[in-house]
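This is start-v1.cif. It holds mmCIF, C-alpha atoms.
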```
data_protein
#
loop_
_atom_site.label_atom_id
_atom_site.label_comp_id
_atom_site.auth_asym_id
_atom_site.auth_seq_id
_atom_site.Cartn_x
_atom_site.Cartn_y
_atom_site.Cartn_z
CA MET A 1 -104.82 124.38 -85.58
CA SER A 2 -106.54 127.28 -83.83
CA ALA A 3 -105.90 128.48 -80.29
CA ASP A 4 -109.36 127.19 -79.31
CA ASN A 5 -108.49 123.70 -80.56
CA ILE A 6 -105.20 123.71 -78.66
CA LYS A 7 -106.92 124.91 -75.48
CA ALA A 8 -109.54 122.15 -75.84
CA GLN A 9 -106.78 119.52 -76.19
CA MET A 10 -104.98 120.88 -73.13
CA ARG A 11 -108.21 120.70 -71.08
CA LYS A 12 -108.87 117.11 -72.15
CA GLY A 13 -105.41 116.16 -70.97
CA ILE A 14 -105.99 117.40 -67.44
CA LEU A 15 -109.65 116.50 -66.86
CA GLU A 16 -108.79 113.27 -65.02
CA TYR A 17 -106.50 115.26 -62.71
CA CYS A 18 -109.29 117.78 -62.11
CA ILE A 19 -111.80 115.02 -61.29
CA LEU A 20 -109.47 113.53 -58.66
CA SER A 21 -108.87 117.00 -57.23
CA ILE A 22 -112.61 117.72 -56.94
CA LEU A 23 -113.29 114.36 -55.30
CA SER A 24 -110.39 114.81 -52.87
CA ARG A 25 -112.44 117.55 -51.17
CA ASN A 26 -115.87 115.85 -51.13
CA ASP A 27 -117.72 112.89 -52.56
CA ALA A 28 -119.86 114.02 -55.48
CA TYR A 29 -122.23 112.79 -58.17
CA ALA A 30 -121.65 113.46 -61.86
CA SER A 31 -123.80 116.60 -62.10
CA GLN A 32 -121.88 118.18 -59.21
CA ILE A 33 -118.56 117.38 -60.87
CA ILE A 34 -119.75 118.87 -64.17
CA SER A 35 -121.01 121.98 -62.38
CA GLU A 36 -117.67 122.53 -60.68
CA LEU A 37 -115.75 122.01 -63.92
CA LYS A 38 -118.05 124.50 -65.68
CA GLN A 39 -117.56 127.07 -62.89
CA ALA A 40 -113.82 126.80 -63.52
CA GLU A 41 -114.49 127.19 -67.27
CA MET A 42 -113.27 123.64 -67.91
CA ILE A 43 -116.36 123.04 -70.02
CA VAL A 44 -117.37 119.39 -70.07
CA VAL A 45 -120.54 117.48 -70.92
CA GLU A 46 -121.86 114.25 -69.42
CA GLY A 47 -120.79 112.32 -72.51
CA THR A 48 -117.19 113.31 -71.78
CA LEU A 49 -117.32 112.80 -68.02
CA TYR A 50 -118.84 109.31 -67.71
CA PRO A 51 -116.12 107.48 -69.67
CA LEU A 52 -113.47 109.23 -67.55
CA LEU A 53 -115.22 108.25 -64.31
CA THR A 54 -115.56 104.66 -65.51
CA ARG A 55 -111.89 104.50 -66.48
CA GLN A 56 -110.81 105.93 -63.12
CA LYS A 57 -113.07 103.46 -61.28
CA ASN A 58 -111.63 100.56 -63.27
CA GLN A 59 -108.10 101.77 -62.40
CA GLY A 60 -109.02 101.69 -58.70
CA LEU A 61 -108.78 105.49 -58.33
CA LEU A 62 -112.48 105.94 -57.53
CA SER A 63 -115.29 103.96 -56.00
CA TYR A 64 -118.98 104.80 -55.89
CA ARG A 65 -122.09 104.21 -53.87
CA TRP A 66 -125.78 104.76 -54.53
CA GLU A 67 -127.69 107.22 -52.33
CA GLU A 68 -131.37 107.93 -52.27
CA SER A 69 -132.29 111.39 -53.49
CA THR A 70 -135.15 113.61 -52.35
CA GLN A 71 -135.30 114.87 -55.95
CA GLY A 72 -135.80 111.86 -58.19
CA PRO A 73 -133.94 108.58 -58.59
CA PRO A 74 -130.97 107.48 -56.46
CA ARG A 75 -127.65 109.17 -57.24
CA LYS A 76 -124.28 107.56 -57.80
CA TYR A 77 -121.75 109.29 -55.52
CA TYR A 78 -118.09 108.95 -56.44
CA THR A 79 -115.36 108.74 -53.80
CA ILE A 80 -111.60 108.97 -54.30
CA THR A 81 -109.77 105.87 -53.05
CA ASP A 82 -106.43 105.72 -51.23
CA THR A 83 -104.84 104.77 -54.55
CA GLY A 84 -106.50 107.82 -56.12
CA ARG A 85 -105.18 110.06 -53.34
CA ARG A 86 -101.63 108.76 -53.84
CA LEU A 87 -101.87 109.40 -57.58
CA LEU A 88 -103.33 112.86 -56.95
CA GLY A 89 -100.32 113.71 -54.76
CA GLN A 90 -98.00 112.66 -57.58
CA LEU A 91 -100.02 114.67 -60.10
CA ASP A 92 -99.94 117.74 -57.82
CA THR A 93 -96.14 117.54 -57.76
CA ALA A 94 -95.94 116.96 -61.53
CA TRP A 95 -98.29 119.91 -62.16
CA ASP A 96 -96.23 122.26 -59.96
CA GLU A 97 -93.05 121.17 -61.75
CA LEU A 98 -94.66 121.65 -65.17
CA VAL A 99 -95.90 125.13 -64.33
CA GLN A 100 -92.44 126.08 -63.06
CA GLN A 101 -90.79 124.68 -66.21
CA ILE A 102 -93.19 126.56 -68.48
CA ASN A 103 -92.61 129.79 -66.54
CA VAL A 104 -88.86 129.36 -67.03
CA ILE A 105 -89.38 128.89 -70.77
CA ARG A 106 -91.66 131.94 -70.89
CA GLY A 107 -89.04 133.98 -69.05
CA LYS A 108 -91.24 134.53 -65.98
CA GLU A 109 -88.79 132.93 -63.51
#
```

Go ahead and render the structure in this file as structure tokens.
Amino acid sequence: MSADNIKAQMRKGILEYCILSILSRNDAYASQIISELKQAEMIVVEGTLYPLLTRQKNQGLLSYRWEESTQGPPRKYYTITDTGRRLLGQLDTAWDELVQQINVIRGKE
């Protein structure tokens, strides 16, 4: 397995965490979420994002609403729910612990 393949697998594993984090700051529609992920070099395409959003909605982590757009059809805006915020807090803690553990293993702490 190449380093690129490993990096891609690592990204896939944390995309749901990243989506919750993005939505914790502001409601957003799919294109905005994709844009923010691309800016952070967490490359993702719509075909990857929509199933994740649907899964998170079905788990009660997100809700959505339709809003009229001045540029075309109405947009589906996603909102993090209270359940999603609680999970995000747990994921923040788990992420900080994981980074610390990896730094210990790497000899950086």

- Do you know which residues the PyMOL selection byres ((chain A and resi 80) around 6) returns on this file, as an NGL selection string? :A and (23 or 62 or 79 or 81 or 84)

- Would you mind listing what lies within 12 Å of range 9-21 of chain A as an MDAnalysis selection string, with all atoms listed in the file counted and same-chain residues fewer than 3 positions away left out? chainID A and resid 1:6 24:30 32:38 40:45 48:57 59:63 78:95

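Separating CA of Ser31 in chain A from CA of Arg75 in chain A is a distance of 9.7 Å.
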
Using the file's own x, y and z axes, so that the box edges lie along x, y and z, what centre and edge lengths in Å (one decimal) does a box around every listed atom of range 4-13 of chain A get when 5 Å is added on each side? Give it as lines of an AutoDock Vina configuration file.
```
center_x = -107.3
center_y = 121.7
center_z = -75.8
size_x = 14.6
size_y = 21.0
size_z = 19.6
```

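Across the model, the gap from CA of Gly47 in chain A to CA of Glu68 in chain A is 23.3 Å.
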
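What separates CA of Asp96 in chain A from CA of Asn58 in chain A is a distance of 26.8 Å.
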